[in-house]
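final_16.txt follows; it contains compact mmCIF, C-alpha atoms.
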# COMPACT_ATOMS: atom_id res chain seq x y z
CA GLU A 1 128.14 104.56 282.00
CA THR A 2 130.39 103.63 279.09
CA LYS A 3 131.74 106.54 277.07
CA LEU A 4 131.53 106.13 273.31
CA ILE A 5 134.71 108.09 272.63
CA VAL A 6 137.73 107.59 274.89
CA LEU A 7 140.33 110.19 273.96
CA SER A 8 143.11 108.41 275.80
CA SER A 9 142.45 105.07 274.08
CA PRO A 10 141.83 104.94 270.31
CA SER A 11 141.40 101.16 270.49
CA SER A 12 138.61 101.47 273.08
CA THR A 13 136.94 104.14 270.95
CA ALA A 14 137.08 101.88 267.89
CA LEU A 15 135.62 98.98 269.88
CA ASN A 16 132.82 101.14 271.27
CA LEU A 17 131.97 102.50 267.83
CA ASN A 18 131.97 98.98 266.43
CA HIS A 19 129.41 97.92 269.07
CA ALA A 20 127.31 101.08 268.65
CA ILE A 21 127.13 100.93 264.87
CA PHE A 22 126.81 97.21 264.21
CA LYS A 23 125.21 96.12 267.52
CA GLU A 24 124.68 92.30 267.51
CA SER A 25 126.74 92.01 264.30
CA TYR A 26 129.81 93.70 265.77
CA ASN A 27 131.86 90.47 265.60
CA LYS A 28 130.59 89.24 262.23
CA ASN A 29 132.26 89.36 258.83
CA PRO A 30 132.26 92.63 256.80
CA PHE A 31 129.34 91.55 254.58
CA THR A 32 127.14 90.70 257.56
CA LYS A 33 128.09 93.97 259.21
CA ALA A 34 127.18 95.92 256.08
CA GLY A 35 123.85 94.10 255.84
CA SER A 36 123.03 94.94 259.46
CA LEU A 37 123.00 98.62 258.51
CA PHE A 38 119.98 98.03 256.26
CA PRO A 39 117.33 96.36 258.44
CA GLY A 40 114.08 95.69 256.62
CA ILE A 41 115.62 96.42 253.23
CA GLY A 42 113.75 93.51 251.60
CA PHE A 43 110.31 94.60 252.76
CA GLY A 44 111.27 98.23 252.26
CA ALA A 45 112.43 97.74 248.66
CA VAL A 46 109.32 95.83 247.61
CA TYR A 47 107.05 98.31 249.39
CA LYS A 48 108.70 101.40 247.93
CA ILE A 49 108.81 100.08 244.36
CA LEU A 50 105.14 99.10 244.42
CA GLN A 51 104.15 102.30 246.23
CA ARG A 52 106.01 104.63 243.85
CA VAL A 53 104.70 102.89 240.74
CA TYR A 54 101.14 102.91 242.08
CA LYS A 55 101.25 106.46 243.44
CA PHE A 56 103.13 108.34 240.74
CA GLY A 57 101.68 106.28 237.90
CA GLY A 58 98.12 106.21 239.22
CA GLN A 59 97.64 109.86 240.17
CA PRO A 60 97.83 111.22 236.59
CA VAL A 61 95.21 108.64 235.51
CA VAL A 62 92.83 109.61 238.31
CA LYS A 63 93.51 113.30 237.65
CA ASP A 64 92.55 112.92 233.99
CA LYS A 65 89.32 111.14 234.98
CA LEU A 66 88.45 113.85 237.50
CA SER A 67 89.30 116.59 235.01
CA SER A 68 87.03 115.04 232.40
CA ALA A 69 84.16 114.63 234.84
CA TYR A 70 84.47 117.67 237.11
CA GLY A 71 87.13 119.93 235.55
CA THR A 72 84.69 122.54 234.30
CA GLU A 73 82.87 122.68 237.62
CA PHE A 74 86.09 123.05 239.60
CA GLU A 75 87.37 125.82 237.33
CA SER A 76 84.10 127.75 237.45
CA ARG A 77 83.95 127.52 241.24
CA PHE A 78 87.60 128.01 242.19
CA GLY A 79 89.09 129.63 239.11
CA ARG A 80 91.18 128.08 236.35
CA GLU A 81 94.49 127.77 238.22
CA ASN A 82 93.10 126.89 241.65
CA GLY A 83 90.63 124.46 240.10
CA ARG A 84 93.39 122.53 238.35
CA THR A 85 95.49 122.49 241.52
CA LEU A 86 92.57 121.12 243.54
CA ILE A 87 91.85 118.47 240.91
CA SER A 88 95.46 117.32 241.14
CA ALA A 89 95.36 117.38 244.95
CA CYS A 90 92.08 115.44 245.12
CA ALA A 91 93.40 112.82 242.70
CA GLY A 92 96.48 112.46 244.90
CA SER A 93 94.33 112.10 248.01
CA MET A 94 92.27 109.33 246.41
CA ILE A 95 95.42 107.50 245.34
CA GLY A 96 96.83 107.93 248.85
CA ILE A 97 93.77 106.26 250.37
CA GLY A 98 94.14 103.26 248.05
CA GLU A 99 97.77 102.96 249.11
CA VAL A 100 96.65 101.15 252.29
CA LEU A 101 96.51 97.94 250.24
CA LEU A 102 100.29 97.87 250.66
CA LEU A 103 100.10 98.42 254.42
CA PRO A 104 101.35 94.91 255.40
CA LEU A 105 104.65 95.49 253.62
CA ASP A 106 105.01 98.88 255.27
CA ALA A 107 104.20 97.39 258.69
CA LEU A 108 106.81 94.65 258.28
CA LYS A 109 109.39 97.18 257.11
CA VAL A 110 108.78 99.28 260.24
CA LYS A 111 109.00 96.23 262.51
CA ALA A 112 112.22 95.05 260.86
CA GLN A 113 113.77 98.47 261.45
CA THR A 114 112.50 99.24 264.95
CA ALA A 115 111.60 95.90 266.55
CA PRO A 116 113.47 93.14 264.66
CA GLU A 117 113.01 90.71 267.56
CA GLN A 118 109.33 90.40 266.59
CA LEU A 119 110.32 88.94 263.21
CA LYS A 120 113.39 86.97 264.26
CA GLY A 121 113.26 83.35 263.10
CA ARG A 122 110.03 83.84 261.16
CA GLY A 123 109.63 83.49 257.40
CA VAL A 124 107.49 85.73 255.22
CA ILE A 125 104.88 83.03 254.56
CA ASP A 126 104.67 82.22 258.27
CA ILE A 127 104.12 85.89 259.14
CA PHE A 128 101.39 86.45 256.54
CA THR A 129 99.69 83.13 257.39
CA LYS A 130 99.61 83.62 261.15
CA GLU A 131 99.07 87.37 261.33
CA GLY A 132 96.69 87.69 258.37
CA PHE A 133 94.61 90.84 258.58
CA GLY A 134 96.45 91.75 261.76
CA LEU A 135 99.02 93.30 259.44
CA TYR A 136 96.36 95.85 258.52
CA ARG A 137 96.11 97.14 262.08
CA GLY A 138 96.04 100.91 262.04
CA VAL A 139 94.46 101.03 258.58
CA GLY A 140 92.12 103.84 259.66
CA TRP A 141 95.00 105.93 260.96
CA THR A 142 96.97 105.21 257.79
CA ILE A 143 94.09 106.44 255.62
CA ALA A 144 93.78 109.53 257.83
CA ARG A 145 97.50 110.12 257.30
CA ASN A 146 97.70 109.29 253.59
CA ALA A 147 94.71 111.34 252.43
CA PRO A 148 95.97 114.78 253.55
CA GLY A 149 99.60 113.82 252.95
CA SER A 150 99.03 112.92 249.31
CA PHE A 151 96.66 115.89 248.91
CA ALA A 152 99.50 118.17 250.05
CA LEU A 153 102.12 116.36 247.91
CA PHE A 154 100.32 116.67 244.60
CA GLY A 155 98.55 119.91 245.47
CA GLY A 156 101.77 121.60 246.56
CA ASN A 157 103.51 120.31 243.44
CA SER A 158 100.75 121.61 241.17
CA ALA A 159 100.58 124.97 242.96
CA ALA A 160 104.33 125.43 242.60
CA LYS A 161 104.16 124.68 238.87
CA THR A 162 101.27 127.10 238.47
CA TYR A 163 103.30 129.77 240.29
CA MET A 164 106.24 129.15 237.93
CA GLY A 165 103.93 129.34 234.90
CA VAL A 166 104.57 125.75 233.84
CA GLY A 167 102.18 124.53 231.15
CA GLU A 168 100.83 127.94 230.16
CA ASP A 169 102.41 127.73 226.72
CA GLY A 170 101.96 123.96 226.45
CA ALA A 171 105.67 123.25 227.08
CA ARG A 172 106.83 120.54 229.45
CA ALA A 173 108.42 121.47 232.76
CA THR A 174 112.20 121.51 232.84
CA TRP A 175 114.17 119.27 235.21
CA THR A 176 114.73 122.27 237.47
CA GLN A 177 111.04 123.18 237.53
CA ASP A 178 110.06 119.59 238.28
CA ALA A 179 112.63 119.46 241.09
CA ILE A 180 111.41 122.73 242.63
CA ALA A 181 107.76 121.67 242.39
CA SER A 182 108.60 118.26 243.86
CA SER A 183 110.41 119.93 246.76
CA ALA A 184 107.41 122.12 247.53
CA GLY A 185 105.07 119.12 247.43
CA ALA A 186 107.39 116.93 249.51
CA ILE A 187 107.86 119.51 252.28
CA ALA A 188 104.10 120.15 252.44
CA SER A 189 103.28 116.43 252.44
CA ILE A 190 105.79 115.39 255.12
CA THR A 191 104.79 118.27 257.39
CA VAL A 192 101.04 117.74 257.03
CA ALA A 193 101.24 113.96 257.49
CA GLN A 194 103.73 114.02 260.39
CA PRO A 195 101.26 114.03 263.34
CA LEU A 196 99.34 111.00 262.10
CA ASP A 197 102.52 109.36 260.84
CA VAL A 198 103.75 109.30 264.46
CA ILE A 199 100.59 107.43 265.50
CA LYS A 200 100.79 105.05 262.53
CA THR A 201 104.43 104.18 263.21
CA ARG A 202 103.78 103.49 266.89
CA ILE A 203 100.85 101.24 265.99
CA GLN A 204 103.04 99.30 263.57
CA ASN A 205 105.91 99.16 266.06
CA ARG A 206 103.90 97.49 268.86
CA PRO A 207 103.97 93.67 269.27
CA PHE A 208 101.60 91.62 267.11
CA ASN A 209 99.55 90.61 270.14
CA SER A 210 99.38 94.05 271.75
CA PRO A 211 95.80 95.15 272.54
CA GLU A 212 96.72 98.84 272.67
CA SER A 213 94.54 100.85 270.29
CA GLY A 214 95.41 103.88 268.20
CA VAL A 215 93.21 106.06 270.40
CA SER A 216 95.12 104.85 273.47
CA ILE A 217 98.43 105.61 271.79
CA LEU A 218 97.14 109.07 270.87
CA SER A 219 95.95 109.71 274.41
CA ASN A 220 99.23 108.58 275.98
CA LEU A 221 101.25 110.63 273.52
CA VAL A 222 99.39 113.84 274.37
CA LYS A 223 99.52 113.04 278.08
CA ASN A 224 103.22 112.17 278.26
CA GLU A 225 104.77 114.22 275.47
CA GLY A 226 102.35 117.04 274.78
CA VAL A 227 101.33 118.36 271.38
CA GLY A 228 104.99 118.62 270.39
CA GLY A 229 105.13 114.83 270.39
CA PHE A 230 103.19 114.82 267.14
CA PHE A 231 106.11 116.51 265.40
CA LYS A 232 108.91 114.42 266.88
CA GLY A 233 111.43 113.59 264.20
CA LEU A 234 110.05 116.08 261.66
CA THR A 235 113.39 117.76 260.99
CA PRO A 236 115.35 114.50 260.45
CA LYS A 237 112.51 113.26 258.24
CA LEU A 238 112.64 116.40 256.10
CA ILE A 239 116.41 115.97 255.82
CA VAL A 240 116.43 112.21 255.14
CA VAL A 241 113.06 111.35 253.57
CA GLY A 242 112.57 114.67 251.78
CA PRO A 243 115.41 114.31 249.25
CA LYS A 244 114.40 110.72 248.43
CA LEU A 245 110.81 111.78 247.77
CA VAL A 246 111.94 114.79 245.75
CA PHE A 247 114.27 112.63 243.66
CA SER A 248 111.71 109.93 242.88
CA PHE A 249 108.89 112.41 242.28
CA THR A 250 111.05 114.52 239.96
CA ILE A 251 112.14 111.48 237.94
CA ALA A 252 108.56 110.17 237.78
CA GLN A 253 107.08 113.49 236.64
CA HIS A 254 109.69 114.12 234.00
CA THR A 255 109.59 110.55 232.69
CA ILE A 256 105.78 110.44 232.56
CA ALA A 257 105.69 113.81 230.76
CA TYR A 258 108.34 112.63 228.28
CA PHE A 259 106.53 109.42 227.35
CA THR A 260 103.14 111.16 227.28
CA THR A 261 104.50 113.63 224.74
CA LYS A 262 106.41 110.99 222.78
CA PHE A 263 103.51 108.56 222.39
CA SER A 264 100.62 111.02 222.13
CA TYR A 265 98.84 111.05 218.80

Please re-express this file's structure in C-alpha cells.
Amino acid sequence: ETKLIVLSSPSSTALNLNHAIFKESYNKNPFTKAGSLFPGIGFGAVYKILQRVYKFGGQPVVKDKLSSAYGTEFESRFGRENGRTLISACAGSMIGIGEVLLLPLDALKVKAQTAPEQLKGRGVIDIFTKEGFGLYRGVGWTIARNAPGSFALFGGNSAAKTYMGVGEDGARATWTQDAIASSAGAIASITVAQPLDVIKTRIQNRPFNSPESGVSILSNLVKNEGVGGFFKGLTPKLIVVGPKLVFSFTIAQHTIAYFTTKFSY
C-alpha cells in the first residue's frame, strides 16, 4: 500500500499528492490541472443558475397566490403567525416539486462529478438525444426529496423571521436577519432531505443502462449500511453546501425585498 505522505522523502510526498489531487491530470499543464478540480462545472453552473432563479424567484409568487386564495383560512385554523409560515412552506414545497424539470442537468452534473467515465467522449447533444427521458430516472424520488426539503427551507426561514419579529412593523429584514433566517431554513432543509437525497444521488450515479430501481437501492442500503446510511455525508454537506445555500438565499431574499419595496406603487 502506497503511503500518501513519506516523511523521509519530500519529493515522493509531492508526487503522491500530485497523483491524489489531480488524478489522471497529474502530468498535464497547470490550467488543465486546475480544471480537473471542477468536474461537472458546466452542467453544475447552468443547473444552479436556473434552479436558484426558479426557486427563489418563483416561491414568493406562489406564496402571494396562496395567501390571496387561502391566507384567511390558514390564519383562522393555525393562527396568524403559524398560518403565514405554513403558507410560505407550502409554496416552497410546490416550487420544489416543479424543480424536477431541471433534473437532467442535475443528473449530468452528478455523473460528471462521480462517474465521469460515463460521459467521456460524449457531447451534450449526443447525451440528450440518446438518453432522452432516461435522464429523468429517479424523478419520483427527486419529488419525494424536493417537496419536504423545500417545505423545510422556506418554512424554517419564515419561522425564524417570525421568531425575530421581522415584518411586524412593516420594515424589511436586515442583512443579519436574512442571514440568520436563511441559516435556519438551510439546516432544516438539508437535514430533512438527506435520506432521500442519498437515494436520488445513487440513482443518478448508476450507469445509463443499469436496471437497478430506486426501491432496490433503498433495500440494499438498509441491508448493507443500516438506517445510518441515509445520513451518510450529512455533516460535510452541512459544512460545504450549507454556506452556499445560506449565501444565495440571503442575497435573493434581500434583493427581492429591496426591488419589491422600490417598485411598489

Next item on the list: May I have the residues within 12 Å of Ala20 in chain A as a PyMOL selection string, using all atoms listed in the file and disregarding those fewer than 2 positions away in the same chain?
Entry: chain A and resi 2-5+13-18+22-27+33+36-37

Tell me, counting only C-alpha atoms, for each residue of range 22-111 of chain A within 7 Å of range 134-143 of chain A, which pair of atoms is nearest and how far apart they are in Å to one decimal, in rows ordered by chain and increasing number, as a tab-separated table.
residue	atom	partner	partner_atom	distance
A:Ile97	CA	A:Ile143	CA	5.3
A:Val100	CA	A:Val139	CA	6.7
A:Leu103	CA	A:Tyr136	CA	6.1
A:Pro104	CA	A:Leu135	CA	4.9
A:Ala107	CA	A:Leu135	CA	6.6

Using all atoms listed in the file, I'd like a table of the residues in range 44-154 of chain A that come within 8 Å of range 191-202 of chain A; for each, show the closest atom pair and its distance in Å rounded to one decimal, ordered by chain and ascending number, as a tab-separated table.
residue	atom	partner	partner_atom	distance
A:Val110	CA	A:Thr201	CA	7.2
A:Gly138	CA	A:Lys200	CA	6.3
A:Trp141	CA	A:Lys200	CA	6.1
A:Thr142	CA	A:Lys200	CA	6.1
A:Ala144	CA	A:Leu196	CA	7.2
A:Arg145	CA	A:Leu196	CA	5.2
A:Asn146	CA	A:Ala193	CA	7.0
A:Pro148	CA	A:Ala193	CA	6.6
A:Gly149	CA	A:Ala193	CA	4.8
A:Ala152	CA	A:Val192	CA	7.2

Check: Could you state the separation of CA of Ile256 in chain A and CA of Ile95 in chain A in Å, given to one decimal place?
Finding: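 Interatomic distance here is 16.7 Å.
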
Next item on the list: May I ask which of the residues A:His254, A:Lys244, A:Lys109, A:Arg122 is the closest one to Asp178 in chain A, counting all atoms listed in the file?
Entry: A:His254

Check: Which value, in Å to one decimal, gives the distance between CA of Gly58 in chain A and CA of Gly92 in chain A?
Finding: 8.6 Å

Can you tell me, as a compact mmCIF listing (two decimals) with C-alpha atoms, in the frame of the given file, what residues are no more than 10 Å from Pro207 in chain A when counting all atoms listed in the file, ignoring any on the same chain fewer than 2 positions away?
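The result, stored in part.txt:
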# COMPACT_ATOMS: atom_id res chain seq x y z
CA LYS A 111 109.00 96.23 262.51
CA ALA A 115 111.60 95.90 266.55
CA GLU A 117 113.01 90.71 267.56
CA GLN A 118 109.33 90.40 266.59
CA LEU A 119 110.32 88.94 263.21
CA ILE A 203 100.85 101.24 265.99
CA GLN A 204 103.04 99.30 263.57
CA ASN A 205 105.91 99.16 266.06
CA ASN A 209 99.55 90.61 270.14
CA SER A 210 99.38 94.05 271.75
CA PRO A 211 95.80 95.15 272.54
CA GLU A 212 96.72 98.84 272.67

Contacts of range 112-205 of chain A with range 84-88 of chain A up to 12 Å, shortest pair per row, all atoms listed in the file, as a Markdown table:
| residue | atom | partner | partner_atom | distance |
| --- | --- | --- | --- | --- |
| A:Ser150 | CA | A:Ser88 | CA | 9.9 |
| A:Phe151 | CA | A:Ser88 | CA | 8.0 |
| A:Ala152 | CA | A:Ser88 | CA | 9.8 |
| A:Leu153 | CA | A:Ser88 | CA | 9.5 |
| A:Phe154 | CA | A:Ser88 | CA | 6.0 |
| A:Gly155 | CA | A:Thr85 | CA | 5.6 |
| A:Gly156 | CA | A:Thr85 | CA | 8.1 |
| A:Asn157 | CA | A:Thr85 | CA | 8.5 |
| A:Ser158 | CA | A:Thr85 | CA | 5.3 |
| A:Ala159 | CA | A:Thr85 | CA | 5.8 |
| A:Ala160 | CA | A:Thr85 | CA | 9.4 |
| A:Lys161 | CA | A:Thr85 | CA | 9.3 |
| A:Thr162 | CA | A:Thr85 | CA | 8.0 |
| A:Tyr163 | CA | A:Thr85 | CA | 10.7 |
| A:Gly167 | CA | A:Arg84 | CA | 11.5 |
| A:Gly185 | CA | A:Ser88 | CA | 11.6 |

Margin query: Is it possible to get the residues within 10 Å of (111.3, 116.8, 242.2) (coordinates as in the file, counting all atoms listed in the file) written as a ChimeraX atom specification?
Written below: /A:157,175-186,242-254

Checklist line | Å distance separating CA of Thr129 in chain A from CA of Gly98 in chain A, one decimal place | finding: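 Separating CA of Thr129 in chain A from CA of Gly98 in chain A is a distance of 22.9 Å.
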
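If all atoms listed in the file are the atoms counted, then among A:Thr174, A:Ser189, A:Thr114, A:Ser213 the closest residue to Ala147 in chain A is A:Ser189.
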